[in-house]
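S.K.: File follows, target17.txt with compact mmCIF, C-alpha atoms:
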# COMPACT_ATOMS: atom_id res chain seq x y z
CA MET A 2 -26.20 148.94 231.43
CA SER A 3 -27.84 145.56 232.12
CA PRO A 4 -31.14 144.79 230.39
CA PRO A 5 -34.21 145.04 232.68
CA PHE A 6 -35.03 141.38 232.10
CA HIS A 7 -33.61 138.32 230.37
CA ASN A 8 -34.86 135.01 229.04
CA PHE A 9 -35.24 132.33 231.76
CA ALA A 10 -33.87 129.58 229.51
CA ASP A 11 -30.75 131.66 228.83
CA SER A 12 -30.15 132.26 232.53
CA GLN A 13 -30.66 128.58 233.26
CA ALA A 14 -28.12 127.62 230.60
CA GLU A 15 -25.60 130.11 232.01
CA ARG A 16 -26.08 128.73 235.52
CA MET A 17 -25.61 125.16 234.35
CA LEU A 18 -22.48 126.06 232.42
CA SER A 19 -20.94 127.46 235.59
CA SER A 20 -22.05 124.56 237.80
CA PRO A 21 -19.26 122.17 238.90
CA HIS A 22 -21.72 119.26 238.86
CA ASP A 23 -22.71 119.51 235.18
CA GLN A 24 -20.48 118.76 232.24
CA SER A 25 -20.90 118.96 228.50
CA PRO A 26 -22.11 115.79 226.81
CA SER A 27 -19.48 113.12 226.33
CA ALA A 28 -18.76 111.50 223.01
CA GLY A 29 -19.78 108.06 224.30
CA ALA A 30 -23.20 106.48 224.35
CA GLN A 31 -25.68 108.53 226.35
CA PRO A 32 -29.18 107.69 227.61
CA LEU A 33 -31.93 108.86 225.26
CA VAL A 34 -34.74 110.96 226.73
CA LEU A 35 -37.99 111.44 224.80
CA LEU A 36 -39.33 114.88 225.80
CA VAL A 37 -43.02 115.60 225.15
CA GLU A 38 -43.91 119.27 225.63
CA ASP A 39 -46.11 121.53 223.50
CA ASP A 40 -44.82 124.80 225.02
CA CYS A 41 -41.79 125.82 222.93
CA ASP A 42 -40.01 127.71 225.73
CA SER A 43 -40.39 124.86 228.22
CA ARG A 44 -39.37 122.29 225.63
CA GLU A 45 -36.24 124.26 224.75
CA MET A 46 -35.34 124.82 228.40
CA TYR A 47 -35.65 121.17 229.39
CA ALA A 48 -33.94 119.89 226.24
CA LEU A 49 -30.99 122.23 226.75
CA GLY A 50 -30.67 121.33 230.43
CA LEU A 51 -30.79 117.59 229.76
CA GLU A 52 -28.29 117.78 226.92
CA TRP A 53 -25.81 119.62 229.10
CA ALA A 54 -26.40 117.01 231.81
CA GLY A 55 -25.19 114.32 229.40
CA PHE A 56 -28.40 113.01 227.81
CA ARG A 57 -29.46 112.71 224.21
CA VAL A 58 -32.86 114.33 223.75
CA THR A 59 -35.60 113.85 221.17
CA SER A 60 -38.37 116.45 221.52
CA VAL A 61 -41.94 116.28 220.22
CA GLY A 62 -44.94 118.53 220.77
CA ASP A 63 -47.82 116.05 220.99
CA GLY A 64 -48.63 112.68 222.51
CA THR A 65 -49.45 110.88 219.27
CA ALA A 66 -46.04 111.62 217.80
CA ALA A 67 -44.47 110.70 221.14
CA LEU A 68 -46.03 107.23 221.07
CA THR A 69 -44.68 106.63 217.57
CA GLN A 70 -41.22 107.83 218.58
CA ALA A 71 -41.21 105.69 221.72
CA MET A 72 -42.03 102.59 219.65
CA SER A 73 -39.30 103.26 217.09
CA LEU A 74 -36.51 104.74 219.26
CA SER A 75 -36.94 102.83 222.56
CA PRO A 76 -35.75 105.73 224.75
CA GLN A 77 -34.40 105.09 228.24
CA VAL A 78 -36.84 107.64 229.74
CA VAL A 79 -39.99 109.47 228.60
CA VAL A 80 -40.75 112.92 230.05
CA THR A 81 -44.16 114.39 229.25
CA ASP A 82 -46.48 117.19 230.21
CA LEU A 83 -49.95 115.94 231.11
CA HIS A 84 -51.72 118.43 228.85
CA VAL A 85 -50.35 117.95 225.33
CA PRO A 86 -52.26 117.74 222.00
CA GLY A 87 -53.16 114.40 220.46
CA LEU A 88 -52.85 111.76 223.15
CA ASP A 89 -52.68 113.58 226.46
CA GLY A 90 -49.98 112.63 228.94
CA LEU A 91 -52.22 110.25 230.89
CA GLU A 92 -53.24 108.24 227.82
CA LEU A 93 -49.70 108.27 226.47
CA CYS A 94 -48.42 106.78 229.72
CA ARG A 95 -51.18 104.14 229.80
CA ARG A 96 -50.31 103.02 226.28
CA LEU A 97 -46.59 102.91 226.99
CA LYS A 98 -47.10 100.90 230.17
CA THR A 99 -49.49 98.41 228.53
CA THR A 100 -47.31 97.75 225.45
CA GLU A 101 -44.75 94.99 225.94
CA SER A 102 -41.92 96.73 224.09
CA THR A 103 -42.25 99.97 226.11
CA ALA A 104 -43.66 98.79 229.45
CA SER A 105 -40.31 98.95 231.24
CA ILE A 106 -39.46 102.51 230.15
CA PRO A 107 -39.68 104.96 233.11
CA VAL A 108 -42.20 107.74 232.42
CA ILE A 109 -42.07 111.11 234.21
CA ALA A 110 -44.91 113.62 234.33
CA VAL A 111 -44.00 117.30 234.43
CA THR A 112 -47.20 119.23 234.99
CA GLY A 113 -48.56 122.54 236.19
CA ALA A 114 -51.59 120.77 237.69
CA ALA A 115 -50.79 120.77 241.39
CA ARG A 116 -54.14 119.45 242.63
CA GLU A 117 -53.88 116.21 244.54
CA GLY A 118 -56.53 114.58 242.32
CA ASP A 119 -54.46 115.26 239.20
CA VAL A 120 -51.35 113.82 240.81
CA GLU A 121 -53.28 110.70 241.84
CA LEU A 122 -54.61 110.31 238.28
CA ALA A 123 -51.06 110.49 236.97
CA ARG A 124 -49.85 107.85 239.39
CA ALA A 125 -52.80 105.62 238.56
CA ALA A 126 -51.96 105.94 234.86
CA GLY A 127 -48.55 104.42 235.60
CA PHE A 128 -46.19 107.39 235.85
CA ASP A 129 -43.03 106.53 237.74
CA ARG A 130 -42.63 110.11 239.02
CA VAL A 131 -44.75 113.27 238.98
CA LEU A 132 -42.97 116.66 239.05
CA ILE A 133 -44.91 119.87 239.56
CA LYS A 134 -44.07 123.03 237.61
CA PRO A 135 -42.17 125.23 238.04
CA CYS A 136 -39.66 122.40 237.83
CA LEU A 137 -36.06 123.34 237.04
CA PRO A 138 -33.96 121.19 234.68
CA ASP A 139 -31.74 120.23 237.63
CA ALA A 140 -34.68 118.58 239.40
CA LEU A 141 -35.68 116.76 236.23
CA ARG A 142 -32.10 115.62 235.68
CA ASP A 143 -31.82 114.23 239.22
CA THR A 144 -35.13 112.41 238.87
CA ILE A 145 -34.01 110.81 235.62
CA HIS A 146 -30.74 109.70 237.21
CA ASP A 147 -32.67 108.12 240.10
CA LEU A 148 -34.99 106.22 237.76
CA LEU A 149 -32.15 105.02 235.53
CA ALA A 150 -30.29 103.77 238.61
CA ARG A 151 -33.44 101.96 239.75
CA SER A 152 -33.86 100.39 236.30
CA ALA A 153 -30.23 99.25 236.33
CA ARG A 154 -30.69 97.61 239.73
CA ALA A 155 -33.85 95.88 238.50
CA ARG A 156 -32.01 94.59 235.42
CA ASP A 157 -29.15 93.30 237.58
CA THR A 158 -31.59 91.53 239.88
CA SER A 159 -33.40 90.00 236.91
CA THR A 160 -30.11 88.88 235.33
CA GLN A 161 -28.95 87.29 238.56
CA ALA A 162 -32.29 85.51 239.00
CA ALA A 163 -32.12 84.20 235.42
CA ALA A 164 -28.56 82.96 236.00
CA ARG A 165 -29.63 81.17 239.18
CA SER A 166 -32.56 79.62 237.33
CA THR A 167 -30.28 78.45 234.52
CA ARG A 168 -27.81 76.91 236.97
CA LEU A 169 -30.67 75.12 238.74
CA ARG A 170 -32.05 73.77 235.45
CA ASN A 171 -28.60 72.61 234.37
CA ARG A 172 -27.99 70.95 237.73
CA THR A 173 -31.41 69.25 237.63
CA SER A 174 -30.78 68.13 234.06
CA SER A 175 -27.31 66.76 234.86
CA LEU A 176 -28.66 64.89 237.89
CA ALA A 177 -31.36 63.34 235.69
CA VAL A 178 -28.72 62.23 233.17
CA LYS A 179 -26.57 60.75 235.94
CA SER A 180 -29.57 58.89 237.35
CA ARG A 181 -30.35 57.42 233.92
CA VAL A 182 -26.71 56.35 233.43
CA LEU A 183 -26.71 54.59 236.82
CA GLN A 184 -29.97 52.86 235.91
CA CYS A 185 -28.38 51.63 232.67
CA ARG A 186 -25.34 50.32 234.57
CA THR A 187 -27.43 48.57 237.24
CA ALA A 188 -29.72 47.03 234.64
CA ALA A 189 -26.82 45.85 232.46
CA MET A 190 -25.08 44.24 235.43
CA ALA A 191 -28.33 42.45 236.24
CA GLY A 192 -28.59 41.20 232.66
CA GLN A 193 -31.43 43.52 231.69
CA ALA A 194 -31.60 45.51 228.45
CA THR A 195 -31.75 49.21 229.33
CA THR A 196 -30.31 51.83 226.96
CA PHE A 197 -29.42 55.51 227.01
CA PRO A 198 -30.56 57.71 224.07
CA CYS A 199 -27.78 58.74 221.71
CA PRO A 200 -27.29 62.55 221.93
CA ASP A 201 -27.09 62.77 218.11
CA CYS A 202 -29.68 60.38 216.70
CA GLY A 203 -31.68 59.22 219.72
CA SER A 204 -31.09 55.51 219.17
CA GLY A 205 -30.41 53.35 222.23
CA LEU A 206 -26.84 53.14 223.52
CA VAL A 207 -25.91 50.01 225.44
CA TRP A 208 -23.91 50.38 228.67
CA ARG A 209 -20.53 48.64 228.37
CA ASP A 210 -18.20 49.37 231.29
CA THR A 211 -17.32 51.62 234.21
CA GLN A 212 -13.87 52.81 235.25
CA THR A 213 -12.39 55.08 237.89
CA VAL A 214 -9.41 57.21 236.83
CA ALA A 215 -7.68 59.55 239.31
CA GLY A 216 -10.69 59.30 241.58
CA ILE A 217 -13.14 60.23 238.81
CA GLN A 218 -15.71 57.69 237.70
CA PHE A 219 -16.58 57.17 234.03
CA ASP A 220 -19.34 55.06 232.48
CA TYR A 221 -18.74 53.91 228.89
CA PHE A 222 -21.32 52.91 226.30
CA ALA A 223 -21.02 50.80 223.17
CA PRO A 224 -20.71 52.72 219.86
CA CYS A 225 -23.93 54.02 218.35
CA GLU A 226 -25.41 51.63 215.81
CA ASN A 227 -25.88 54.59 213.45
CA ARG A 228 -22.14 55.40 213.62
CA CYS A 229 -22.61 58.64 215.54
CA GLY A 230 -19.66 57.69 217.71
CA GLN A 231 -18.93 56.25 221.13
CA TYR A 232 -19.94 58.06 224.32
CA TYR A 233 -19.13 58.12 228.00
CA PHE A 234 -20.46 59.87 231.11
CA ASP A 235 -18.06 61.93 233.25
CA HIS A 236 -19.39 61.82 236.83
CA GLN A 237 -17.28 64.77 237.96
CA ARG A 238 -18.52 67.11 235.23
CA ARG A 239 -21.88 65.36 235.05
CA ARG A 240 -21.62 65.47 231.27
CA PHE A 241 -22.37 62.89 228.59
CA MET A 242 -19.51 63.18 226.10
CA ARG A 243 -18.19 61.67 222.88
CA LEU A 244 -14.91 59.72 222.86
CA ARG A 245 -12.35 61.29 220.53
Kindly return the structure encoded in the file as structure tokens.

M.R.:
Amino acid sequence: MSPPFHNFADSQAERMLSSPHDQSPSAGAQPLVLLVEDDCDSREMYALGLEWAGFRVTSVGDGTAALTQAMSLSPQVVVTDLHVPGLDGLELCRRLKTTESTASIPVIAVTGAAREGDVELARAAGFDRVLIKPCLPDALRDTIHDLLARSARARDTSTQAAARSTRLRNRTSSLAVKSRVLQCRTAAMAGQATTFPCPDCGSGLVWRDTQTVAGIQFDYFAPCENRCGQYYFDHQRRRFMRLR
């Protein structure tokens, strides 16, 4: 005979075990979720669901401990109830979003407060998403996946922008070097004393000669007076280099 009732967390775990979309955690690196929930049953339910969805989970029961854990562990996502002891969810989110080391961590509110004013307060505090209870672990899992995907896209965009900026700086720098080399050549041919700074010691290098080899132009400078070596400028690579 079946029992008249059963624990909700147990039924949720059974359903997830039988779901074709959820798998047990892999042995590889998994995103870390910091779960902040003072209700033991809810904390256990969400932690179990997230672990079976492939996340590592660290659970705490109050906002003060959560802030400390976020600083030390740098989780990929923070999930918090709005009404927890210590720092409440709103203040926890504000502190995370205004601290440089944690500002980029997505923060999700899971709350039983369904009033529009409470939701607006949560958004104003900086929450990336607000989920209203009853919220099943599946919904929380999908929200976390969405936010992690968004964070990955943002990182890719930032990396690409940084790479473009680096290429532009390098190109600008190489053009400046080329311009200085041409000035040294023009001045030397006109009998004027113009030097290029030695890359090693900074002393002035005197332009000596220019040659074209296989269609590539090279400008050569006299050896450094401090015996750093002899240098030339490769116009194809736009690099100032030492002669071997």

S.K.: Using only C-alpha atoms, which residues sit within 12 Å of Gly127 (chain A) once same-chain residues fewer than 5 positions away are excluded, as a list in words?

M.R.: Gly90, Leu91, Glu92, Leu93, Cys94, Arg95, Arg96, Leu97, Lys98, Thr99, Ala104, Ser105, Ile106, Pro107, Val108, Ile109, Ala110, Val120, Glu121 and Leu122 of chain A

S.K.: Record the distance separating CA of Ala150 (chain A) and CA of Glu38 (chain A), expressed in Å with one decimal.

M.R.: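 So the two atoms, CA of Ala150 (chain A) and CA of Glu38 (chain A), lie 24.4 Å apart.
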
S.K.: From the list A:Ala215, A:Gly113, A:Phe56, A:Trp208, which residue is nearest Ala191 (chain A) when using all atoms listed in the file?

M.R.: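 Checking each of A:Ala215, A:Gly113, A:Phe56, A:Trp208 against Ala191 (chain A), counting all atoms listed in the file, the winner is A:Trp208.
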
S.K.: Could you make a table, as a tab-separated table, of the residues of region 98-144 of chain A that have an atom within 12 Å of an atom of region 81-84 of chain A, each with its nearest atom pair and distance in Å to one decimal, counting all atoms listed in the file, in chain and number order?

M.R.:
residue	atom	partner	partner_atom	distance
A:Pro107	CA	A:Thr81	CA	11.1
A:Val108	CA	A:Thr81	CA	7.6
A:Ile109	CA	A:Thr81	CA	6.3
A:Ala110	CA	A:Thr81	CA	5.2
A:Val111	CA	A:Asp82	CA	4.9
A:Thr112	CA	A:Asp82	CA	5.2
A:Gly113	CA	A:Asp82	CA	8.3
A:Ala114	CA	A:Leu83	CA	8.3
A:Ala115	CA	A:Leu83	CA	11.4
A:Asp119	CA	A:Leu83	CA	9.3
A:Val120	CA	A:Leu83	CA	10.0
A:Leu122	CA	A:Leu83	CA	10.2
A:Ala123	CA	A:Leu83	CA	8.1
A:Arg124	CA	A:Leu83	CA	11.6
A:Ala126	CA	A:Leu83	CA	10.9
A:Phe128	CA	A:Thr81	CA	9.8
A:Asp129	CA	A:Thr81	CA	11.6
A:Arg130	CA	A:Thr81	CA	10.8
A:Val131	CA	A:Asp82	CA	9.8
A:Leu132	CA	A:Asp82	CA	9.5
A:Ile133	CA	A:Asp82	CA	9.9
A:Lys134	CA	A:Asp82	CA	9.7
A:Cys136	CA	A:Asp82	CA	11.5
A:Leu141	CA	A:Thr81	CA	11.2

S.K.: Can you tell me which residues surround Val37 (chain A) at a distance of at most 9 Å, considering all atoms listed in the file, apart from same-chain residues fewer than 5 positions away, and format the answer as a list in words?

M.R.: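 Final neighbour list, sorted by chain and number: Arg44, Thr59, Ser60, Val61, Gly62, Asp63, Gly64, Ala66, Ala67, Val79, Val80, Thr81, Asp82, Val85 and Gly90 of chain A.
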
S.K.: Could you build a table of the residues in region 104-202 of chain A lying no more than 9 Å from region 237-245 of chain A, giving for each the nearest pair of atoms and their separation in Å rounded to one decimal place, using all atoms listed in the file, ordered by chain and ascending residue number, as CSV?

M.R.:
residue,atom,partner,partner_atom,distance
A:Arg172,CA,A:Arg239,CA,8.7
A:Ser175,CA,A:Arg239,CA,5.6
A:Leu176,CA,A:Arg239,CA,7.4
A:Val178,CA,A:Arg239,CA,7.8
A:Lys179,CA,A:Arg239,CA,6.6
A:Pro200,CA,A:Phe241,CA,8.3

S.K.: Quick one: pull the distance between CA of Tyr232 (chain A) and CA of Ala164 (chain A), Å, one decimal.

M.R.: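 Computing it gives 28.8 Å between the two atoms.
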
S.K.: Can you work out the spacing between CA of Gly192 (chain A) and CA of Tyr221 (chain A) in Å, to one decimal?

M.R.: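 Going from CA of Gly192 (chain A) over to CA of Tyr221 (chain A) covers 16.5 Å.
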
S.K.: A:Arg154, A:Phe222, A:Asp143, A:Ala163: which is nearest Cys185 (chain A), counting only C-alpha atoms?

M.R.: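 For Cys185 (chain A), the nearest of the given residues is A:Phe222.
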
S.K.: Choose the residue, out of A:Pro135, A:Gly230, A:Gly203, A:Asp39, that has the smallest atom-to-atom separation from Pro86 (chain A); count all atoms listed in the file.

M.R.: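 Among the listed residues, the smallest separation from Pro86 (chain A) belongs to A:Asp39.
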
S.K.: Residues within 12 Å of region 211-214 of chain A, please, as a list in words. Count all atoms listed in the file; anything in the same chain fewer than 6 positions from it doesn't count.

M.R.: Val182, Leu183, Cys185, Arg186, Thr187, Ala189, Met190, Asp220, Tyr221, Phe222, Ala223, Tyr233, Phe234, Asp235, His236 and Gln237 of chain A

S.K.: Generate a file for region 100-143 of chain A, containing N, CA and C atoms, as a PDB file, in the first residue's frame.

M.R.:
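File produced: decode_35.pdb:
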ATOM      1  N   THR A 100      31.116  45.391  -5.330  1.00  0.00           N
ATOM      2  CA  THR A 100      32.478  44.968  -4.994  1.00  0.00           C
ATOM      3  C   THR A 100      33.145  44.475  -6.270  1.00  0.00           C
ATOM      4  N   GLU A 101      34.321  45.006  -6.561  1.00  0.00           N
ATOM      5  CA  GLU A 101      34.959  44.732  -7.856  1.00  0.00           C
ATOM      6  C   GLU A 101      35.142  43.237  -8.113  1.00  0.00           C
ATOM      7  N   SER A 102      35.552  42.492  -7.099  1.00  0.00           N
ATOM      8  CA  SER A 102      35.865  41.076  -7.306  1.00  0.00           C
ATOM      9  C   SER A 102      34.630  40.211  -7.532  1.00  0.00           C
ATOM     10  N   THR A 103      33.441  40.707  -7.166  1.00  0.00           N
ATOM     11  CA  THR A 103      32.216  39.911  -7.309  1.00  0.00           C
ATOM     12  C   THR A 103      31.176  40.559  -8.209  1.00  0.00           C
ATOM     13  N   ALA A 104      31.467  41.725  -8.749  1.00  0.00           N
ATOM     14  CA  ALA A 104      30.461  42.495  -9.488  1.00  0.00           C
ATOM     15  C   ALA A 104      29.941  41.767 -10.721  1.00  0.00           C
ATOM     16  N   SER A 105      30.764  40.921 -11.323  1.00  0.00           N
ATOM     17  CA  SER A 105      30.346  40.251 -12.554  1.00  0.00           C
ATOM     18  C   SER A 105      29.613  38.933 -12.312  1.00  0.00           C
ATOM     19  N   ILE A 106      29.492  38.507 -11.056  1.00  0.00           N
ATOM     20  CA  ILE A 106      28.823  37.236 -10.760  1.00  0.00           C
ATOM     21  C   ILE A 106      27.308  37.420 -10.913  1.00  0.00           C
ATOM     22  N   PRO A 107      26.636  36.602 -11.729  1.00  0.00           N
ATOM     23  CA  PRO A 107      25.174  36.682 -11.826  1.00  0.00           C
ATOM     24  C   PRO A 107      24.528  36.315 -10.489  1.00  0.00           C
ATOM     25  N   VAL A 108      23.506  37.077 -10.101  1.00  0.00           N
ATOM     26  CA  VAL A 108      22.813  36.827  -8.836  1.00  0.00           C
ATOM     27  C   VAL A 108      21.325  36.633  -9.131  1.00  0.00           C
ATOM     28  N   ILE A 109      20.776  35.535  -8.623  1.00  0.00           N
ATOM     29  CA  ILE A 109      19.372  35.177  -8.856  1.00  0.00           C
ATOM     30  C   ILE A 109      18.618  35.240  -7.545  1.00  0.00           C
ATOM     31  N   ALA A 110      17.465  35.900  -7.552  1.00  0.00           N
ATOM     32  CA  ALA A 110      16.586  35.920  -6.388  1.00  0.00           C
ATOM     33  C   ALA A 110      15.525  34.845  -6.553  1.00  0.00           C
ATOM     34  N   VAL A 111      15.354  34.039  -5.514  1.00  0.00           N
ATOM     35  CA  VAL A 111      14.255  33.074  -5.466  1.00  0.00           C
ATOM     36  C   VAL A 111      13.427  33.453  -4.245  1.00  0.00           C
ATOM     37  N   THR A 112      12.235  33.962  -4.465  1.00  0.00           N
ATOM     38  CA  THR A 112      11.482  34.544  -3.369  1.00  0.00           C
ATOM     39  C   THR A 112      10.008  34.185  -3.429  1.00  0.00           C
ATOM     40  N   GLY A 113       9.390  34.161  -2.245  1.00  0.00           N
ATOM     41  CA  GLY A 113       7.949  33.944  -2.171  1.00  0.00           C
ATOM     42  C   GLY A 113       7.172  35.240  -2.262  1.00  0.00           C
ATOM     43  N   ALA A 114       7.877  36.378  -2.272  1.00  0.00           N
ATOM     44  CA  ALA A 114       7.221  37.684  -2.372  1.00  0.00           C
ATOM     45  C   ALA A 114       6.861  37.950  -3.820  1.00  0.00           C
ATOM     46  N   ALA A 115       5.590  37.820  -4.139  1.00  0.00           N
ATOM     47  CA  ALA A 115       5.155  37.958  -5.531  1.00  0.00           C
ATOM     48  C   ALA A 115       4.643  39.356  -5.855  1.00  0.00           C
ATOM     49  N   ARG A 116       4.670  40.269  -4.891  1.00  0.00           N
ATOM     50  CA  ARG A 116       4.175  41.621  -5.173  1.00  0.00           C
ATOM     51  C   ARG A 116       5.112  42.337  -6.139  1.00  0.00           C
ATOM     52  N   GLU A 117       4.520  43.109  -7.021  1.00  0.00           N
ATOM     53  CA  GLU A 117       5.324  43.786  -8.036  1.00  0.00           C
ATOM     54  C   GLU A 117       6.372  44.699  -7.411  1.00  0.00           C
ATOM     55  N   GLY A 118       6.030  45.358  -6.299  1.00  0.00           N
ATOM     56  CA  GLY A 118       6.974  46.249  -5.636  1.00  0.00           C
ATOM     57  C   GLY A 118       8.208  45.515  -5.159  1.00  0.00           C
ATOM     58  N   ASP A 119       8.024  44.285  -4.637  1.00  0.00           N
ATOM     59  CA  ASP A 119       9.162  43.504  -4.172  1.00  0.00           C
ATOM     60  C   ASP A 119      10.053  43.094  -5.338  1.00  0.00           C
ATOM     61  N   VAL A 120       9.428  42.728  -6.446  1.00  0.00           N
ATOM     62  CA  VAL A 120      10.195  42.341  -7.624  1.00  0.00           C
ATOM     63  C   VAL A 120      10.999  43.539  -8.146  1.00  0.00           C
ATOM     64  N   GLU A 121      10.379  44.716  -8.146  1.00  0.00           N
ATOM     65  CA  GLU A 121      11.085  45.913  -8.605  1.00  0.00           C
ATOM     66  C   GLU A 121      12.252  46.252  -7.686  1.00  0.00           C
ATOM     67  N   LEU A 122      12.057  46.078  -6.357  1.00  0.00           N
ATOM     68  CA  LEU A 122      13.156  46.311  -5.418  1.00  0.00           C
ATOM     69  C   LEU A 122      14.322  45.367  -5.708  1.00  0.00           C
ATOM     70  N   ALA A 123      14.001  44.126  -6.005  1.00  0.00           N
ATOM     71  CA  ALA A 123      15.040  43.144  -6.297  1.00  0.00           C
ATOM     72  C   ALA A 123      15.809  43.533  -7.551  1.00  0.00           C
ATOM     73  N   ARG A 124      15.099  43.946  -8.568  1.00  0.00           N
ATOM     74  CA  ARG A 124      15.775  44.347  -9.806  1.00  0.00           C
ATOM     75  C   ARG A 124      16.636  45.591  -9.584  1.00  0.00           C
ATOM     76  N   ALA A 125      16.104  46.513  -8.798  1.00  0.00           N
ATOM     77  CA  ALA A 125      16.860  47.733  -8.512  1.00  0.00           C
ATOM     78  C   ALA A 125      18.124  47.442  -7.708  1.00  0.00           C
ATOM     79  N   ALA A 126      18.084  46.383  -6.892  1.00  0.00           N
ATOM     80  CA  ALA A 126      19.257  46.007  -6.102  1.00  0.00           C
ATOM     81  C   ALA A 126      20.349  45.395  -6.964  1.00  0.00           C
ATOM     82  N   GLY A 127      20.002  44.990  -8.189  1.00  0.00           N
ATOM     83  CA  GLY A 127      21.000  44.451  -9.104  1.00  0.00           C
ATOM     84  C   GLY A 127      20.842  42.990  -9.458  1.00  0.00           C
ATOM     85  N   PHE A 128      19.754  42.345  -9.004  1.00  0.00           N
ATOM     86  CA  PHE A 128      19.558  40.939  -9.351  1.00  0.00           C
ATOM     87  C   PHE A 128      19.449  40.778 -10.863  1.00  0.00           C
ATOM     88  N   ASP A 129      20.091  39.734 -11.372  1.00  0.00           N
ATOM     89  CA  ASP A 129      20.029  39.461 -12.805  1.00  0.00           C
ATOM     90  C   ASP A 129      18.711  38.798 -13.193  1.00  0.00           C
ATOM     91  N   ARG A 130      18.153  37.984 -12.291  1.00  0.00           N
ATOM     92  CA  ARG A 130      16.853  37.353 -12.506  1.00  0.00           C
ATOM     93  C   ARG A 130      16.123  37.259 -11.166  1.00  0.00           C
ATOM     94  N   VAL A 131      14.789  37.291 -11.244  1.00  0.00           N
ATOM     95  CA  VAL A 131      13.953  37.123 -10.054  1.00  0.00           C
ATOM     96  C   VAL A 131      12.971  35.998 -10.338  1.00  0.00           C
ATOM     97  N   LEU A 132      13.040  34.919  -9.550  1.00  0.00           N
ATOM     98  CA  LEU A 132      12.139  33.776  -9.687  1.00  0.00           C
ATOM     99  C   LEU A 132      11.199  33.734  -8.489  1.00  0.00           C
ATOM    100  N   ILE A 133       9.925  33.504  -8.764  1.00  0.00           N
ATOM    101  CA  ILE A 133       8.913  33.500  -7.715  1.00  0.00           C
ATOM    102  C   ILE A 133       8.601  32.065  -7.296  1.00  0.00           C
ATOM    103  N   LYS A 134       8.608  31.835  -5.974  1.00  0.00           N
ATOM    104  CA  LYS A 134       8.223  30.524  -5.447  1.00  0.00           C
ATOM    105  C   LYS A 134       6.717  30.336  -5.608  1.00  0.00           C
ATOM    106  N   PRO A 135       6.245  29.097  -5.816  1.00  0.00           N
ATOM    107  CA  PRO A 135       7.046  27.874  -5.895  1.00  0.00           C
ATOM    108  C   PRO A 135       7.821  27.797  -7.205  1.00  0.00           C
ATOM    109  N   CYS A 136       9.122  27.612  -7.079  1.00  0.00           N
ATOM    110  CA  CYS A 136      10.007  27.546  -8.241  1.00  0.00           C
ATOM    111  C   CYS A 136      10.710  26.186  -8.208  1.00  0.00           C
ATOM    112  N   LEU A 137      10.455  25.349  -9.185  1.00  0.00           N
ATOM    113  CA  LEU A 137      11.054  24.015  -9.217  1.00  0.00           C
ATOM    114  C   LEU A 137      12.535  24.091  -9.578  1.00  0.00           C
ATOM    115  N   PRO A 138      13.316  23.113  -9.147  1.00  0.00           N
ATOM    116  CA  PRO A 138      14.751  23.096  -9.485  1.00  0.00           C
ATOM    117  C   PRO A 138      15.026  23.167 -10.981  1.00  0.00           C
ATOM    118  N   ASP A 139      14.117  22.595 -11.791  1.00  0.00           N
ATOM    119  CA  ASP A 139      14.307  22.656 -13.241  1.00  0.00           C
ATOM    120  C   ASP A 139      14.344  24.099 -13.745  1.00  0.00           C
ATOM    121  N   ALA A 140      13.419  24.925 -13.224  1.00  0.00           N
ATOM    122  CA  ALA A 140      13.359  26.328 -13.638  1.00  0.00           C
ATOM    123  C   ALA A 140      14.606  27.075 -13.199  1.00  0.00           C
ATOM    124  N   LEU A 141      15.074  26.776 -11.988  1.00  0.00           N
ATOM    125  CA  LEU A 141      16.296  27.404 -11.499  1.00  0.00           C
ATOM    126  C   LEU A 141      17.493  26.969 -12.342  1.00  0.00           C
ATOM    127  N   ARG A 142      17.560  25.690 -12.651  1.00  0.00           N
ATOM    128  CA  ARG A 142      18.644  25.176 -13.484  1.00  0.00           C
ATOM    129  C   ARG A 142      18.684  25.875 -14.840  1.00  0.00           C
ATOM    130  N   ASP A 143      17.522  26.000 -15.495  1.00  0.00           N
ATOM    131  CA  ASP A 143      17.473  26.626 -16.813  1.00  0.00           C
ATOM    132  C   ASP A 143      17.888  28.093 -16.741  1.00  0.00           C
TER     133      ASP A 143
END
